[in-house]
Amino acid sequence: MSRELWLLRHGKSDRDLAVDDFDRPLKKRGKQDLKRLSAWLLEQKLAPDYLVSSPANRALSTIKIIQQELELTELNIVQDKRIYQESIERIKGVLAECPKDAKAVLLGGHNPELEHLLINLVGVGELPDREKILPTSTLVRMNLPDDWSHLEAECATLLSISYVKQLV
């Protein structure tokens, strides 16, 4: 049996505000894109059973929108600062602490960290040839081994990359 890891880059944020990077909010377009992604997930009958997020405003707001739109209010959002501006090894530490019974873990975070993690887990040869693999509001689904305590390079199988702009 395998478990799924879903990586979700935060929605489009407002870079023009005079606030610290950590506190940057989502733009209106970012919120709309996430609602569109949520609607698509509902159509596909896909839902995570564990939510973990960077505590940065834009990432946490992203996961809260998904939680609300998918009516997952019974799931708590675990916030972990190791997802914000940290190495992939630190993020893998977060994954190692996810409950073993969680079958689909949604991790909300940032670039370049999420792209680095994705490349490490699936290998660059499995990814699309594009400048930005994870633009804002992009969802990646992959299968990983059951044991996340020591995730090796290229241990995952890419299931899909869903670009919000391509969702109908």
# chains A, B, ... in the order shown; residues from 1 in each chain; ligands from 1

call {"tool": "closest_atom_pairs", "arguments": {"of": "range 71-129 of chain A", "to": "range 7-18 of chain A", "cutoff": "12 Å", "atoms": "only C-alpha atoms", "output": "CSV"}}
result
residue,atom,partner,partner_atom,distance
A:Ile83,CA,A:Arg9,CA,11.3
A:Tyr84,CA,A:His10,CA,11.5
A:Ile91,CA,A:Leu7,CA,11.5
A:Leu95,CA,A:Leu7,CA,11.3
A:Ala104,CA,A:Leu7,CA,10.5
A:Val105,CA,A:Leu7,CA,8.4
A:Leu106,CA,A:Leu7,CA,6.0
A:Leu107,CA,A:Leu7,CA,5.1
A:Gly108,CA,A:Leu8,CA,4.8
A:Gly109,CA,A:Arg9,CA,5.2
A:His110,CA,A:Arg9,CA,5.4
A:Asn111,CA,A:Arg9,CA,7.1
A:Pro112,CA,A:Arg9,CA,9.7
A:Glu113,CA,A:Arg9,CA,9.7
A:Leu114,CA,A:Leu7,CA,7.1
A:Glu115,CA,A:Arg9,CA,9.1
A:His116,CA,A:Leu7,CA,11.5
A:Leu117,CA,A:Leu7,CA,9.2
A:Leu118,CA,A:Leu7,CA,8.2
A:Ile119,CA,A:Leu7,CA,11.9
A:Leu121,CA,A:Leu7,CA,11.5

call {"tool": "write_last_selection", "arguments": {"atoms": "N, CA and C atoms", "output": "short mmCIF file (atom, residue, chain, number, x, y, z; two decimals), in the first residue's frame"}}
result
data_model
loop_
_atom_site.label_atom_id
_atom_site.label_comp_id
_atom_site.auth_asym_id
_atom_site.auth_seq_id
_atom_site.Cartn_x
_atom_site.Cartn_y
_atom_site.Cartn_z
N ILE A 83 8.35 24.51 7.20
CA ILE A 83 7.96 24.53 5.79
C ILE A 83 8.28 25.89 5.17
N TYR A 84 8.57 26.88 5.99
CA TYR A 84 8.81 28.25 5.50
C TYR A 84 10.32 28.52 5.45
N ILE A 91 11.81 19.90 5.69
CA ILE A 91 10.43 19.60 5.27
C ILE A 91 10.18 18.10 5.35
N LEU A 95 7.20 15.78 7.19
CA LEU A 95 6.49 14.64 6.61
C LEU A 95 6.65 13.39 7.47
N ALA A 104 -3.74 10.63 2.46
CA ALA A 104 -3.51 11.73 1.52
C ALA A 104 -3.21 12.98 2.33
N VAL A 105 -1.93 13.33 2.36
CA VAL A 105 -1.47 14.49 3.14
C VAL A 105 -1.32 15.68 2.20
N LEU A 106 -1.98 16.77 2.54
CA LEU A 106 -1.85 18.02 1.78
C LEU A 106 -0.90 18.94 2.52
N LEU A 107 0.20 19.30 1.85
CA LEU A 107 1.20 20.19 2.42
C LEU A 107 1.19 21.50 1.64
N GLY A 108 0.87 22.60 2.32
CA GLY A 108 0.85 23.92 1.69
C GLY A 108 2.12 24.68 2.00
N GLY A 109 2.75 25.19 0.95
CA GLY A 109 4.01 25.88 1.17
C GLY A 109 4.40 26.81 0.05
N HIS A 110 5.71 26.93 -0.16
CA HIS A 110 6.29 27.99 -0.97
C HIS A 110 7.33 27.44 -1.94
N ASN A 111 7.64 28.25 -2.92
CA ASN A 111 8.80 28.01 -3.78
C ASN A 111 9.94 28.85 -3.25
N PRO A 112 11.17 28.43 -3.42
CA PRO A 112 11.61 27.27 -4.21
C PRO A 112 11.57 25.95 -3.45
N GLU A 113 11.22 25.98 -2.18
CA GLU A 113 11.29 24.77 -1.35
C GLU A 113 10.44 23.63 -1.89
N LEU A 114 9.19 23.91 -2.30
CA LEU A 114 8.33 22.84 -2.79
C LEU A 114 8.86 22.25 -4.09
N GLU A 115 9.38 23.09 -4.98
CA GLU A 115 9.95 22.57 -6.22
C GLU A 115 11.17 21.70 -5.92
N HIS A 116 12.01 22.12 -5.01
CA HIS A 116 13.18 21.33 -4.65
C HIS A 116 12.76 19.98 -4.07
N LEU A 117 11.75 19.99 -3.21
CA LEU A 117 11.25 18.75 -2.63
C LEU A 117 10.69 17.84 -3.71
N LEU A 118 9.90 18.39 -4.60
CA LEU A 118 9.31 17.62 -5.70
C LEU A 118 10.40 16.99 -6.56
N ILE A 119 11.38 17.77 -6.95
CA ILE A 119 12.48 17.25 -7.77
C ILE A 119 13.21 16.13 -7.04
N LEU A 121 12.02 14.12 -4.69
CA LEU A 121 11.20 12.93 -4.48
C LEU A 121 10.89 12.16 -5.75
#

call {"tool": "select_by_dssp", "arguments": {"residues": "range 2-162 of chain A", "states": "helix (DSSP H, G or I)", "output": "NGL selection string"}}
result
:A and (21-23 or 28-44 or 57-69 or 81-83 or 88-96 or 113-122 or 124-126)

call {"tool": "atom_distance", "arguments": {"atom1": "CA of Lys100 in chain A", "atom2": "CA of Trp148 in chain A"}}
result
8.2 Å

call {"tool": "closest_residue", "arguments": {"among": "A:Ala102, A:Ile66, A:Leu26, A:Leu127", "to": "Leu159 in chain A", "atoms": "only C-alpha atoms"}}
result
A:Leu127

call {"tool": "select_by_dssp", "arguments": {"residues": "range 9-158 of chain A", "states": "strand (DSSP E or B)", "output": "list in words"}}
result
Arg9, Ser13, Leu26, Tyr50, Leu51, Val52, Ser53, Ile77, Val78, Gln79, Ala104, Val105, Leu106, Leu107, Gly108, Gly109, Leu139, Val140, Arg141, Met142, Asn143, Leu144, Thr157 and Leu158 of chain A

call {"tool": "write_last_selection", "arguments": {"atoms": "C-alpha atoms", "output": "short mmCIF file (atom, residue, chain, number, x, y, z; two decimals), in the first residue's frame"}}
result
data_model
loop_
_atom_site.label_atom_id
_atom_site.label_comp_id
_atom_site.auth_asym_id
_atom_site.auth_seq_id
_atom_site.Cartn_x
_atom_site.Cartn_y
_atom_site.Cartn_z
CA ARG A 9 1.95 26.11 -3.63
CA SER A 13 -0.09 36.86 -3.07
CA LEU A 26 -3.44 36.42 -0.86
CA TYR A 50 -4.44 15.45 6.77
CA LEU A 51 -3.57 19.15 6.38
CA VAL A 52 -0.20 20.72 7.12
CA SER A 53 0.89 24.24 6.22
CA ILE A 77 -4.50 22.44 10.01
CA VAL A 78 -1.11 21.63 11.47
CA GLN A 79 1.16 24.66 11.12
CA ALA A 104 -3.51 11.73 1.52
CA VAL A 105 -1.47 14.49 3.14
CA LEU A 106 -1.85 18.02 1.78
CA LEU A 107 1.20 20.19 2.42
CA GLY A 108 0.85 23.92 1.69
CA GLY A 109 4.01 25.88 1.17
CA LEU A 139 -1.31 21.04 -6.92
CA VAL A 140 1.00 18.04 -7.24
CA ARG A 141 -0.08 14.53 -6.26
CA MET A 142 2.42 11.71 -5.83
CA ASN A 143 2.58 8.24 -4.34
CA LEU A 144 5.17 7.65 -1.67
CA THR A 157 5.77 8.28 -8.29
CA LEU A 158 4.26 11.39 -9.81
#
